[in-house]
Structure formats: structure tokens, C-alpha cells
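As provided, model.cif (mmCIF, C-alpha atoms (C1' of nucleotides)) reads as follows.
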```cif
data_coords
loop_
_atom_site.label_atom_id
_atom_site.label_comp_id
_atom_site.auth_asym_id
_atom_site.auth_seq_id
_atom_site.Cartn_x
_atom_site.Cartn_y
_atom_site.Cartn_z
CA MET A 1 127.19 166.00 88.75
CA ALA A 2 125.78 163.27 86.57
CA VAL A 3 122.40 163.48 88.28
CA ALA A 4 121.78 159.79 88.08
CA ALA A 5 121.11 158.53 84.60
CA ASP A 6 118.80 156.15 86.41
CA THR A 7 115.75 157.92 85.11
CA LYS A 8 113.87 155.90 82.57
CA ILE A 9 112.81 157.66 79.43
CA THR A 10 110.92 156.51 76.40
CA ASP A 11 112.21 156.35 72.86
CA SER A 12 110.35 159.51 71.95
CA GLU A 13 111.74 161.37 74.91
CA TRP A 14 115.15 160.16 73.92
CA GLU A 15 114.79 161.92 70.58
CA VAL A 16 114.17 165.14 72.44
CA MET A 17 117.12 164.59 74.73
CA ARG A 18 119.42 164.11 71.80
CA VAL A 19 118.62 167.57 70.57
CA VAL A 20 119.27 168.99 74.00
CA TRP A 21 122.52 167.09 74.36
CA ALA A 22 123.61 168.31 70.99
CA ASN A 23 123.15 171.90 71.98
CA GLN A 24 123.71 172.69 75.60
CA GLU A 25 120.83 175.14 75.76
CA VAL A 26 117.88 175.07 73.41
CA THR A 27 114.51 176.62 72.95
CA SER A 28 111.45 174.52 72.35
CA LYS A 29 111.36 175.92 68.83
CA GLU A 30 114.72 174.41 68.02
CA ILE A 31 113.69 171.05 69.36
CA ILE A 32 110.39 171.22 67.55
CA ASP A 33 112.08 172.08 64.26
CA VAL A 34 114.54 169.24 64.42
CA LEU A 35 111.93 166.66 65.26
CA GLU A 36 109.42 167.96 62.81
CA GLN A 37 112.11 167.13 60.27
CA LYS A 38 113.24 163.82 61.62
CA LYS A 39 110.05 162.35 63.00
CA ALA A 40 107.33 164.41 61.38
CA TRP A 41 105.94 165.23 64.78
CA LYS A 42 103.45 168.04 65.12
CA PRO A 43 104.76 170.83 67.34
CA ALA A 44 102.21 169.94 69.99
CA THR A 45 103.57 166.43 70.16
CA THR A 46 107.09 167.57 70.77
CA LYS A 47 105.82 169.99 73.37
CA THR A 48 104.23 167.12 75.23
CA PHE A 49 107.51 165.23 75.38
CA ILE A 50 109.39 168.30 76.51
CA GLY A 51 106.83 168.79 79.25
CA ARG A 52 107.15 165.21 80.41
CA LEU A 53 110.93 165.44 80.49
CA VAL A 54 110.74 168.59 82.58
CA LYS A 55 108.36 166.86 84.96
CA LYS A 56 110.76 163.92 85.23
CA GLY A 57 113.55 166.29 86.09
CA MET A 58 115.59 165.35 83.04
CA LEU A 59 115.33 168.85 81.63
CA ASN A 60 116.06 172.09 83.41
CA THR A 61 114.36 175.29 82.46
CA LYS A 62 115.67 178.80 82.59
CA LYS A 63 113.21 181.56 81.92
CA ASP A 64 114.11 183.83 79.04
CA GLY A 65 111.33 186.29 78.36
CA ASN A 66 108.19 184.46 77.35
CA ARG A 67 109.98 181.21 76.81
CA TYR A 68 112.36 178.75 78.39
CA LEU A 69 115.86 177.70 77.62
CA TYR A 70 116.10 173.98 78.17
CA SER A 71 119.18 172.16 79.32
CA THR A 72 120.07 168.99 81.16
CA ASP A 73 122.41 167.83 83.87
CA VAL A 74 122.41 164.25 82.68
CA SER A 75 125.43 163.39 80.57
CA GLU A 76 124.60 161.73 77.29
CA VAL A 77 127.47 159.30 77.53
CA ALA A 78 126.51 158.26 81.04
CA PHE A 79 122.93 157.90 80.00
CA VAL A 80 123.69 155.76 76.98
CA LYS A 81 125.90 153.53 79.05
CA ALA A 82 123.19 153.13 81.64
CA MET A 83 120.70 152.15 78.96
CA PHE A 84 123.04 149.51 77.58
CA ASN A 85 123.74 148.21 81.02
CA ASP A 86 120.04 147.90 81.55
CA LEU A 87 119.74 145.74 78.49
CA PHE A 88 122.59 143.60 79.70
CA ASP A 89 120.51 142.75 82.74
CA ASN A 90 118.46 140.54 80.46
CA VAL A 91 121.44 138.63 79.19
CA CYS A 92 123.37 135.77 80.73
CA ASP A 93 126.91 136.71 81.73
CA ARG A 94 128.20 133.90 79.61
CA GLN A 95 126.59 135.41 76.53
CA LYS A 96 127.85 138.93 76.97
CA GLY A 97 131.22 138.47 75.33
CA ASP A 98 129.46 137.29 72.25
CA VAL A 99 127.14 140.25 72.21
CA VAL A 100 130.03 142.67 72.55
CA ALA A 101 131.86 140.87 69.76
CA TYR A 102 128.81 141.29 67.60
CA LEU A 103 128.41 144.97 68.38
CA LEU A 104 132.06 145.53 67.67
CA SER A 105 131.71 143.82 64.33
CA GLN A 106 128.90 146.18 63.41
CA ILE A 107 130.55 149.52 63.95
CA ARG A 108 133.30 151.71 62.62
CA LEU A 109 136.18 152.64 64.85
CA SER A 110 138.62 155.46 65.11
CA PHE A 111 142.28 154.78 65.85
CA ALA A 112 141.67 156.07 69.33
CA ASP A 113 138.80 153.60 69.74
CA VAL A 114 140.98 150.74 68.59
CA GLU A 115 143.63 151.68 71.08
CA LYS A 116 141.20 152.02 73.92
CA ILE A 117 139.53 148.73 73.19
CA THR A 118 142.87 147.00 72.75
CA THR A 119 143.93 148.17 76.16
CA ILE A 120 140.78 146.94 77.79
CA LEU A 121 140.98 143.68 75.94
CA THR A 122 144.55 143.08 77.06
CA GLU A 123 143.46 143.67 80.59
CA LYS A 124 140.52 141.32 80.21
CA GLU A 125 142.77 138.69 78.73
CA THR A 126 144.67 138.40 81.97
CA GLU A 127 141.44 137.66 83.78
CA ALA A 128 139.91 135.45 81.13
CA VAL A 129 138.48 132.08 82.08
CA ASP A 130 137.54 128.94 80.26
CA LEU A 131 133.88 129.40 80.85
CA VAL A 132 132.31 132.53 82.24
CA PRO A 133 130.09 131.56 85.15
CA CYS A 134 126.42 131.85 84.45
CA ASN A 135 124.62 134.22 86.76
CA CYS A 136 121.09 133.29 85.83
CA LEU A 137 118.35 131.81 87.88
CA PRO A 138 117.98 128.12 87.32
CA GLY A 139 115.28 127.65 84.76
CA GLN A 140 116.01 130.92 83.10
CA CYS A 141 119.19 130.01 81.35
CA HIS A 142 120.63 127.24 79.29
CA CYS A 143 123.80 127.05 81.34
CA LYS A 144 121.96 125.95 84.42
CA ILE A 145 120.10 123.28 82.63
CA ILE A 146 123.22 121.91 81.05
CA LYS A 147 124.85 121.94 84.46
CA GLU A 148 121.98 120.00 85.92
CA GLU A 149 122.21 117.49 83.13
CA ASN A 150 125.90 117.08 83.81
CA ASP A 151 125.32 116.71 87.51
CA HIS A 152 122.77 114.11 86.71
CA GLU A 153 125.16 112.10 84.59
CA LYS A 154 127.78 112.22 87.29
CA ASN A 155 125.49 110.65 89.89
CA MET B 1 114.65 130.01 60.43
CA ALA B 2 115.27 132.98 62.69
CA VAL B 3 111.70 134.19 62.23
CA ALA B 4 112.68 137.81 62.35
CA ALA B 5 113.70 138.99 65.77
CA ASP B 6 112.06 142.19 64.63
CA THR B 7 109.15 141.69 66.95
CA LYS B 8 109.13 144.12 69.80
CA ILE B 9 108.55 142.71 73.23
CA THR B 10 108.36 144.32 76.63
CA ASP B 11 110.68 143.71 79.54
CA SER B 12 108.13 141.49 81.20
CA GLU B 13 107.65 139.44 78.11
CA TRP B 14 111.38 139.13 77.85
CA GLU B 15 111.45 137.43 81.24
CA VAL B 16 109.05 134.86 79.92
CA MET B 17 111.06 134.36 76.77
CA ARG B 18 114.18 133.68 78.75
CA VAL B 19 112.54 130.74 80.41
CA VAL B 20 111.45 129.41 77.06
CA TRP B 21 114.87 129.89 75.54
CA ALA B 22 116.42 128.12 78.46
CA ASN B 23 114.30 125.07 77.91
CA GLN B 24 113.31 124.36 74.36
CA GLU B 25 109.81 123.28 75.31
CA VAL B 26 108.06 124.35 78.48
CA THR B 27 104.71 124.22 80.12
CA SER B 28 103.07 127.32 81.52
CA LYS B 29 103.59 125.85 84.96
CA GLU B 30 107.34 125.83 84.55
CA ILE B 31 107.32 129.41 83.38
CA ILE B 32 105.01 130.44 86.17
CA ASP B 33 107.18 128.77 88.79
CA VAL B 34 110.38 130.41 87.63
CA LEU B 35 108.85 133.86 87.49
CA GLU B 36 106.99 133.50 90.72
CA GLN B 37 110.45 133.02 92.18
CA LYS B 38 112.27 135.69 90.33
CA LYS B 39 109.67 138.39 89.94
CA ALA B 40 107.05 137.47 92.50
CA TRP B 41 104.42 137.51 89.80
CA LYS B 42 101.07 135.96 90.49
CA PRO B 43 100.38 133.03 88.17
CA ALA B 44 97.69 135.03 86.44
CA THR B 45 100.19 137.72 85.58
CA THR B 46 102.55 135.31 83.93
CA LYS B 47 99.65 133.77 82.07
CA THR B 48 98.82 137.16 80.63
CA PHE B 49 102.33 137.59 79.28
CA ILE B 50 102.37 134.10 77.84
CA GLY B 51 99.09 134.84 76.12
CA ARG B 52 100.39 138.07 74.66
CA LEU B 53 103.52 136.38 73.38
CA VAL B 54 101.45 133.71 71.69
CA LYS B 55 99.32 136.39 70.10
CA LYS B 56 102.43 138.16 68.86
CA GLY B 57 103.64 134.95 67.31
CA MET B 58 106.75 134.80 69.46
CA LEU B 59 105.61 131.60 71.12
CA ASN B 60 104.41 128.45 69.42
CA THR B 61 102.00 126.12 71.10
CA LYS B 62 101.74 122.38 70.79
CA LYS B 63 98.77 120.75 72.41
CA ASP B 64 99.61 118.14 75.01
CA GLY B 65 96.52 116.92 76.73
CA ASN B 66 94.81 119.75 78.54
CA ARG B 67 97.77 122.01 78.23
CA TYR B 68 100.27 123.43 75.81
CA LEU B 69 103.95 123.00 75.34
CA TYR B 70 105.40 126.37 74.48
CA SER B 71 108.39 126.90 72.27
CA THR B 72 109.81 129.59 70.04
CA ASP B 73 111.40 129.91 66.64
CA VAL B 74 113.18 133.12 67.54
CA SER B 75 116.79 132.58 68.47
CA GLU B 76 117.80 134.19 71.73
CA VAL B 77 121.14 135.32 70.41
CA ALA B 78 119.58 136.89 67.34
CA PHE B 79 117.00 138.55 69.46
CA VAL B 80 119.46 140.00 71.91
CA LYS B 81 121.57 141.31 69.09
CA ALA B 82 118.55 142.93 67.51
CA MET B 83 117.68 144.63 70.78
CA PHE B 84 121.17 146.03 71.14
CA ASN B 85 121.17 147.18 67.57
CA ASP B 86 117.94 148.96 68.26
CA LEU B 87 119.52 150.84 71.10
CA PHE B 88 122.40 151.77 68.89
CA ASP B 89 119.98 153.58 66.63
CA ASN B 90 119.82 156.25 69.29
CA VAL B 91 123.55 156.74 69.39
CA CYS B 92 125.83 158.70 67.11
CA ASP B 93 128.18 156.52 65.09
CA ARG B 94 131.09 158.44 66.47
CA GLN B 95 130.11 157.47 70.00
CA LYS B 96 129.66 153.78 69.41
CA GLY B 97 133.27 152.76 69.83
CA ASP B 98 133.25 154.32 73.23
CA VAL B 99 130.09 152.51 74.22
CA VAL B 100 131.50 149.18 73.12
CA ALA B 101 134.70 149.91 75.03
CA TYR B 102 132.63 150.58 78.09
CA LEU B 103 130.58 147.43 77.75
CA LEU B 104 133.72 145.42 77.27
CA SER B 105 135.19 146.90 80.41
CA GLN B 106 132.15 145.78 82.35
CA ILE B 107 132.07 142.11 81.53
CA ARG B 108 134.02 138.92 82.05
CA LEU B 109 135.39 137.08 79.07
CA SER B 110 136.30 133.55 78.22
CA PHE B 111 139.46 132.79 76.29
CA ALA B 112 137.28 132.09 73.29
CA ASP B 113 135.65 135.50 73.67
CA VAL B 114 139.02 137.18 73.84
CA GLU B 115 140.12 135.45 70.70
CA LYS B 116 136.98 136.29 68.84
CA ILE B 117 137.07 139.93 69.85
CA THR B 118 140.75 140.16 69.04
CA THR B 119 140.10 138.90 65.56
CA ILE B 120 137.35 141.38 64.97
CA LEU B 121 139.41 144.17 66.43
CA THR B 122 142.33 143.39 64.17
CA GLU B 123 140.01 143.52 61.24
CA LYS B 124 138.54 146.81 62.40
CA GLU B 125 141.98 148.23 62.86
CA THR B 126 142.68 147.97 59.16
CA GLU B 127 139.59 150.05 58.49
CA ALA B 128 140.02 152.49 61.32
CA VAL B 129 139.84 156.20 60.66
CA ASP B 130 140.85 159.33 62.47
CA LEU B 131 137.32 160.39 63.13
CA VAL B 132 134.30 158.24 62.55
CA PRO B 133 131.83 160.22 60.46
CA CYS B 134 128.80 161.36 62.35
CA ASN B 135 125.56 160.05 60.92
CA CYS B 136 123.20 162.25 62.87
CA LEU B 137 120.78 164.84 61.74
CA PRO B 138 122.12 168.32 62.12
CA GLY B 139 120.79 169.63 65.39
CA GLN B 140 120.66 166.23 66.94
CA CYS B 141 124.31 165.68 67.49
CA HIS B 142 127.32 167.50 68.79
CA CYS B 143 129.45 166.58 65.82
CA LYS B 144 127.32 168.53 63.42
CA ILE B 145 127.34 171.58 65.56
CA ILE B 146 131.08 171.46 65.97
CA LYS B 147 131.37 171.01 62.23
CA GLU B 148 129.21 174.04 61.65
CA GLU B 149 131.30 176.03 64.06
CA ASN B 150 134.41 174.96 62.23
CA ASP B 151 132.88 175.80 58.89
CA HIS B 152 131.97 179.11 60.31
CA GLU B 153 135.47 179.83 61.44
CA LYS B 154 136.84 178.88 58.06
CA ASN B 155 134.67 181.43 56.27
"C1'" DG C 1 97.82 200.31 72.75
"C1'" DG C 2 95.73 196.64 70.02
"C1'" DC C 3 96.61 192.42 67.51
"C1'" DG C 4 98.62 188.56 65.54
"C1'" DA C 5 102.28 185.21 66.46
"C1'" DT C 6 104.73 182.35 69.68
"C1'" DG C 7 105.45 179.43 73.61
"C1'" DG C 8 103.88 177.02 77.55
"C1'" DA C 9 99.99 174.56 80.09
"C1'" DT C 10 95.88 171.93 80.09
"C1'" DT C 11 93.05 168.49 78.28
"C1'" DA C 12 92.08 164.42 75.29
"C1'" DC C 13 92.12 160.03 73.83
"C1'" DA C 14 93.57 155.52 71.94
"C1'" DA C 15 97.14 151.88 72.38
"C1'" DT C 16 100.28 149.42 75.13
"C1'" DT C 17 101.92 147.59 79.46
"C1'" DG C 18 101.81 145.83 84.21
"C1'" DT C 19 99.15 143.52 87.21
"C1'" DA C 20 95.68 140.38 88.26
"C1'" DA C 21 90.93 138.27 89.26
"C1'" DA C 22 87.22 135.53 87.40
"C1'" DC C 23 85.53 132.16 84.47
"C1'" DT C 24 85.60 127.76 81.98
"C1'" DA C 25 86.96 123.37 80.33
"C1'" DA C 26 89.47 119.44 80.96
"C1'" DA C 27 92.44 116.25 83.72
"C1'" DA C 28 93.53 113.98 87.99
"C1'" DA C 29 92.36 112.23 92.29
"C1'" DT C 30 89.34 109.98 95.37
"C1'" DA D 1 81.24 109.62 89.04
"C1'" DT D 2 82.10 113.54 91.66
"C1'" DT D 3 85.25 116.66 93.36
"C1'" DT D 4 89.29 119.09 93.10
"C1'" DT D 5 92.97 120.93 90.71
"C1'" DT D 6 95.02 122.78 86.53
"C1'" DA D 7 95.60 125.24 82.41
"C1'" DG D 8 93.92 128.32 79.24
"C1'" DT D 9 90.65 132.36 78.04
"C1'" DT D 10 88.22 136.50 79.09
"C1'" DT D 11 87.68 140.59 81.43
"C1'" DA D 12 89.41 144.51 84.30
"C1'" DC D 13 91.65 148.39 85.36
"C1'" DA D 14 95.30 151.83 86.34
"C1'" DA D 15 99.70 153.75 84.52
"C1'" DT D 16 102.44 154.96 80.72
"C1'" DT D 17 103.17 156.30 76.00
"C1'" DG D 18 102.23 158.26 71.46
"C1'" DT D 19 99.90 161.68 69.31
"C1'" DA D 20 97.77 165.93 69.25
"C1'" DA D 21 94.22 169.92 69.70
"C1'" DT D 22 92.98 173.72 72.44
"C1'" DC D 23 93.53 177.25 75.60
"C1'" DC D 24 95.96 181.04 77.72
"C1'" DA D 25 99.60 184.38 78.56
"C1'" DT D 26 102.89 187.15 76.62
"C1'" DC D 27 106.03 189.44 73.06
"C1'" DG D 28 106.91 191.84 69.21
"C1'" DC D 29 105.14 194.69 65.64
"C1'" DC D 30 102.12 198.35 63.37
#
```
Before anything else, please render the file you have as C-alpha cells.
Amino acid sequence: MAVAADTKITDSEWEVMRVVWANQEVTSKEIIDVLEQKKAWKPATTKTFIGRLVKKGMLNTKKDGNRYLYSTDVSEVAFVKAMFNDLFDNVCDRQKGDVVAYLLSQIRLSFADVEKITTILTEKETEAVDLVPCNCLPGQCHCKIIKEENDHEKN
Amino acid sequence: MAVAADTKITDSEWEVMRVVWANQEVTSKEIIDVLEQKKAWKPATTKTFIGRLVKKGMLNTKKDGNRYLYSTDVSEVAFVKAMFNDLFDNVCDRQKGDVVAYLLSQIRLSFADVEKITTILTEKETEAVDLVPCNCLPGQCHCKIIKEENDHEKN
DNA sequence: GGCGATGGATTACAATTGTAAACTAAAAAT
DNA sequence: ATTTTTAGTTTACAATTGTAATCCATCGCC
């Protein structure tokens, strides 16, 4: 029921979604109030973003008198993961471990998090390699160039 | 010497940057060739992105006859980290461990990666808490609402 | 029942982004 | 030296995004 988190949204729309995710069902007024606080957006501005999200199918509307109750079928967690995955598309496989290490170093963890990550890490350890193969196009990643240089030396 | 990876670039510009990062110094032709392959961009399109990156100060130019050699002072690793950090701004602190766990589960690791991550994890373990405090604005995160509900029940 | 407030829809408009052609100057080839 | 090819610069133009005012329908209140 995740309704594909494949929809692209902008940063501003994301702000709106966060309010919706936080609340299950919200009125535009609630969204407007929160974002007037956080982003100093005029009500009309927030309305625009709500409208665009409805058009994109990210927000559902349920009529309630003269107004709508907004909700979404897209899970926040799934969406966030999809966004991060997207970013990863721009990164060489060989670099990803380093990026994850960095992210990990930046955040706070709960005991549950530690346990979860430990489990995954143990699993990954059994499949670890000396050098993660680079998946990039030649010319778009260091690895390839180094490889070519090596090949060159060999011949 | 990182020259602030604070500059925002678009996805398309990122493609160009990857070629530059992969090569130290490149000509526009090399960039054009790679991206004609990968993205089927017309040379003129790639030229536009190169131009915009130069204007933004992400690319340096060194004259070499009738053409330029392009290079950058921005480190790829630093840049990637900054981009991920940016994304994290849209995520509740309490959720971040989960996201990192997910990312970890998605990638391959080298032995060195495993070691590095293990070290960081061990460190994090000593600072782990039962529940990572939520940093979100009230109304923009579940945590706050749950908290309010709890507070409510208490009274 | 009329009127002000509220919420949604329409319109606006500049900046950024994706996509590229056209133009120009300089280098390479003949 | 003239032509052809390159590389960089300028211009173009539609789509998306940020930001918002205005308009219109309705709801609640006097």
C-alpha cells in the first residue's frame, strides 16, 4: 500500500509532507500554521504547495464541510529511503561504505538502532570483499581510471 | 582547501562534476563524450552545464591553447557528504538510525569499510540512549504528537 | 438572511533547470 | 592561406519551483 514513493517532490513540498506524516489527517490551516512558524511562508504559499501535492497524487483529500482533510498513502519511511537511494545513484559503489560510515558518525543512536545496525553489519561482514567493484561508467569514476592505468602498466 | 561544498548543484551538473572528479583535469570534449554516452546529451547541452558550473565557481579553468582544462577544488567525498547531510535535514533525528541501517543493508562493503563502521558503531554504542530525542518542530513530527498525547494522559 | 471569515482555485511572475541551436573565434588540416 | 573543425559564448525556450495575491464559494455568526 506504499503507493510508490517514486514520486519526486521538491524541498518545499517535503516540508508540507512532514506535517501530514506527523498527523495522519490534517486541515490546510494546520499545515499553514506550522509552516508559517517554521518557514515564514505566507498562507497562500503553503496553499500552493498543498495544491501541487494533491495534483501529484501525493496527498489525498476528503471533503469535510467547506474544507478538506488531507492525508497521504505514501509512507514517510519508505519515502525517505527512496530519496536516499536516489542520492546514492550519484555515488560510486566503492564509495558508499565510506558515506554510510560518515553518516553513522554524525547521528545519535538508540540501543535498538545499535542492535539493528550490528546485525546488518555482521551479515555484511560475511560478504565483505577486499575492494568493492566499481559500477561507474569509465570516465566517470576514479576507479576505472586507476584500473586503466594498471592495465597499461601490465602490458 | 575544500572550498565549501556548500554550493548547490543540480543533478545534471552533478553528472558533469563526476567526470571532473574522476579525472583531475579534463577538456570539455572528454566531458561531452562521457555524457553523450551515459545521458545521450547533445554536446551543446553539456556545454551549458559546464558553463553554469564555471559561473558557480565549482569548476576552475586553465587556458590551454584554444580550449580550457577544467578542474575543481571541491572534494567529491566532501561534496557527497554535504549532500547527504542536506537530506538528513528533512528527517527526524529519531529516524536517522533507521535510515542508516537501511542504507547499510543496501550496499556492499570492503573489509576496511566493515572495520571503520564497526569502530564508529562501538563508539556510538557507548553514547546510545533508549530513545533519541526528537528535534522536530511540534506539528512536524510524530514524536511530538505522541509526546503531547502522553502528556495529555498524564494530566 | 446578510456579512465577515475561512478555505480552496485561479492567476501571476521571477528564478532555476533541462535541453539545445546559433554564433564566433581560434586551431588544425589541406 | 583557405577551409574545416573545435571549443567557448550567447541566446532561446519550455517546464518546474518558489513565492504570493486575488478571486470565489461557503460556513458560521449576529
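Distances to chain D were evaluated for B:Glu30, B:Glu13, B:Glu125, B:Glu115 using only C-alpha atoms (C1' of nucleotides), and the minimum falls at B:Glu30.
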I'd like the contact shell of DA20 of chain D - 10 Å cut-off, only C-alpha atoms (C1' of nucleotides), skipping same-chain residues fewer than 6 positions apart - returned as a PDB file with C-alpha atoms (C1' of nucleotides), in the coordinates of the input.
```pdb
ATOM      1  CA  TRP A  41     105.940 165.230  64.780  1.00  0.00           C
ATOM      2  CA  LYS A  42     103.450 168.040  65.120  1.00  0.00           C
ATOM      3  CA  PRO A  43     104.760 170.830  67.340  1.00  0.00           C
ATOM      4  CA  ALA A  44     102.210 169.940  69.990  1.00  0.00           C
ATOM      5  CA  THR A  45     103.570 166.430  70.160  1.00  0.00           C
ATOM      6  CA  THR A  46     107.090 167.570  70.770  1.00  0.00           C
ATOM      7  CA  LYS A  47     105.820 169.990  73.370  1.00  0.00           C
ATOM      8  CA  THR A  48     104.230 167.120  75.230  1.00  0.00           C
TER       9      THR A  48
ATOM     10  C1'  DA C  12      92.080 164.420  75.290  1.00  0.00           C
ATOM     11  C1'  DC C  13      92.120 160.030  73.830  1.00  0.00           C
TER      12       DC C  13
END
```
TODO: Compute the chain D side of the contact with chain A at 12 Å, counting only C-alpha atoms (C1' of nucleotides), and hand it back as a ChimeraX atom specification.
DONE: /D:16-22,25-28
Select from chain C every residue with an atom at most 12 Å from any atom of chain A, then for each give the shortest pair of atoms and their distance in Å to one decimal, using only C-alpha atoms (C1' of nucleotides), rows by chain and rising number, as JSON lines.
```
{"residue": "C:DT6", "atom": "C1'", "partner": "A:Asn66", "partner_atom": "CA", "distance": 8.7}
{"residue": "C:DG7", "atom": "C1'", "partner": "A:Arg67", "partner_atom": "CA", "distance": 5.8}
{"residue": "C:DG8", "atom": "C1'", "partner": "A:Arg67", "partner_atom": "CA", "distance": 7.4}
{"residue": "C:DA9", "atom": "C1'", "partner": "A:Gly51", "partner_atom": "CA", "distance": 9.0}
{"residue": "C:DT10", "atom": "C1'", "partner": "A:Thr48", "partner_atom": "CA", "distance": 10.8}
{"residue": "C:DT11", "atom": "C1'", "partner": "A:Thr48", "partner_atom": "CA", "distance": 11.7}
```
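Atom to atom, atom CA of Asp73 of chain A and atom CA of Val20 of chain A stand 10.4 Å apart.
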Task: For atom C1' of DT5 of chain D and atom CA of Lys39 of chain B, the interatomic separation in Å (one decimal) - done: 24.2 Å
Open item on the list: Just to confirm, what's the straight-line distance from atom CA of Val99 of chain B to atom CA of Arg108 of chain A in Å (one decimal)?
Closed with: 12.1 Å
Task: the PyMOL selection byres ((chain A and resi 130) around 6) resolved against shown file, as a ChimeraX atom specification - done: /A:129,131 /B:110-111
Name all residues at most 9 Å from Leu69 of chain A (count only C-alpha atoms (C1' of nucleotides); drop same-chain ones fewer than 6 positions away) and give them as a PDB file with C-alpha atoms, keeping the file's coordinate frame.
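What ended up in around_29.pdb:
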```
ATOM      1  CA  GLU A  25     120.830 175.140  75.760  1.00  0.00           C
ATOM      2  CA  VAL A  26     117.880 175.070  73.410  1.00  0.00           C
ATOM      3  CA  THR A  27     114.510 176.620  72.950  1.00  0.00           C
ATOM      4  CA  SER A  28     111.450 174.520  72.350  1.00  0.00           C
ATOM      5  CA  ASN A  60     116.060 172.090  83.410  1.00  0.00           C
ATOM      6  CA  THR A  61     114.360 175.290  82.460  1.00  0.00           C
ATOM      7  CA  LYS A  62     115.670 178.800  82.590  1.00  0.00           C
ATOM      8  CA  LYS A  63     113.210 181.560  81.920  1.00  0.00           C
TER       9      LYS A  63
END
```
If the box runs along x, y and z of the file and leaves 3 Å on each side of segment 35-45 of chain A, what are its centre and edge lengths in Å, one decimal, as JSON?
```
{"center_x": 107.7, "center_y": 166.6, "center_z": 65.2, "size_x": 17.0, "size_y": 14.5, "size_z": 15.9}
```
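Here the PyMOL selection byres ((chain C and resi 24) around 12) catches exactly these residues: DA22, DC23, DA25 and DA26 of chain C; DT6, DA7, DG8, DT9 and DT10 of chain D.
Residues selected in this file by the PyMOL selection byres ((chain B and resi 59) around 9) comprise Met17, Val20, Ile50, Gly51, Leu53, Val54, Lys55, Lys56, Gly57, Met58, Asn60, Thr61, Tyr70, Ser71, Thr72, Asp73 and Val74 of chain B.
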- [ ] Using only C-alpha atoms, find the one residue out of A:Arg94, A:Arg52, A:Lys8, A:His142 that sits nearest to chain B.
- [x] A:His142
- [ ] Kindly indicate which residue among A:Gln95, A:Leu35, A:Phe88, A:Ala128 lies nearest to chain B, using only C-alpha atoms for the distances.
- [x] A:Ala128
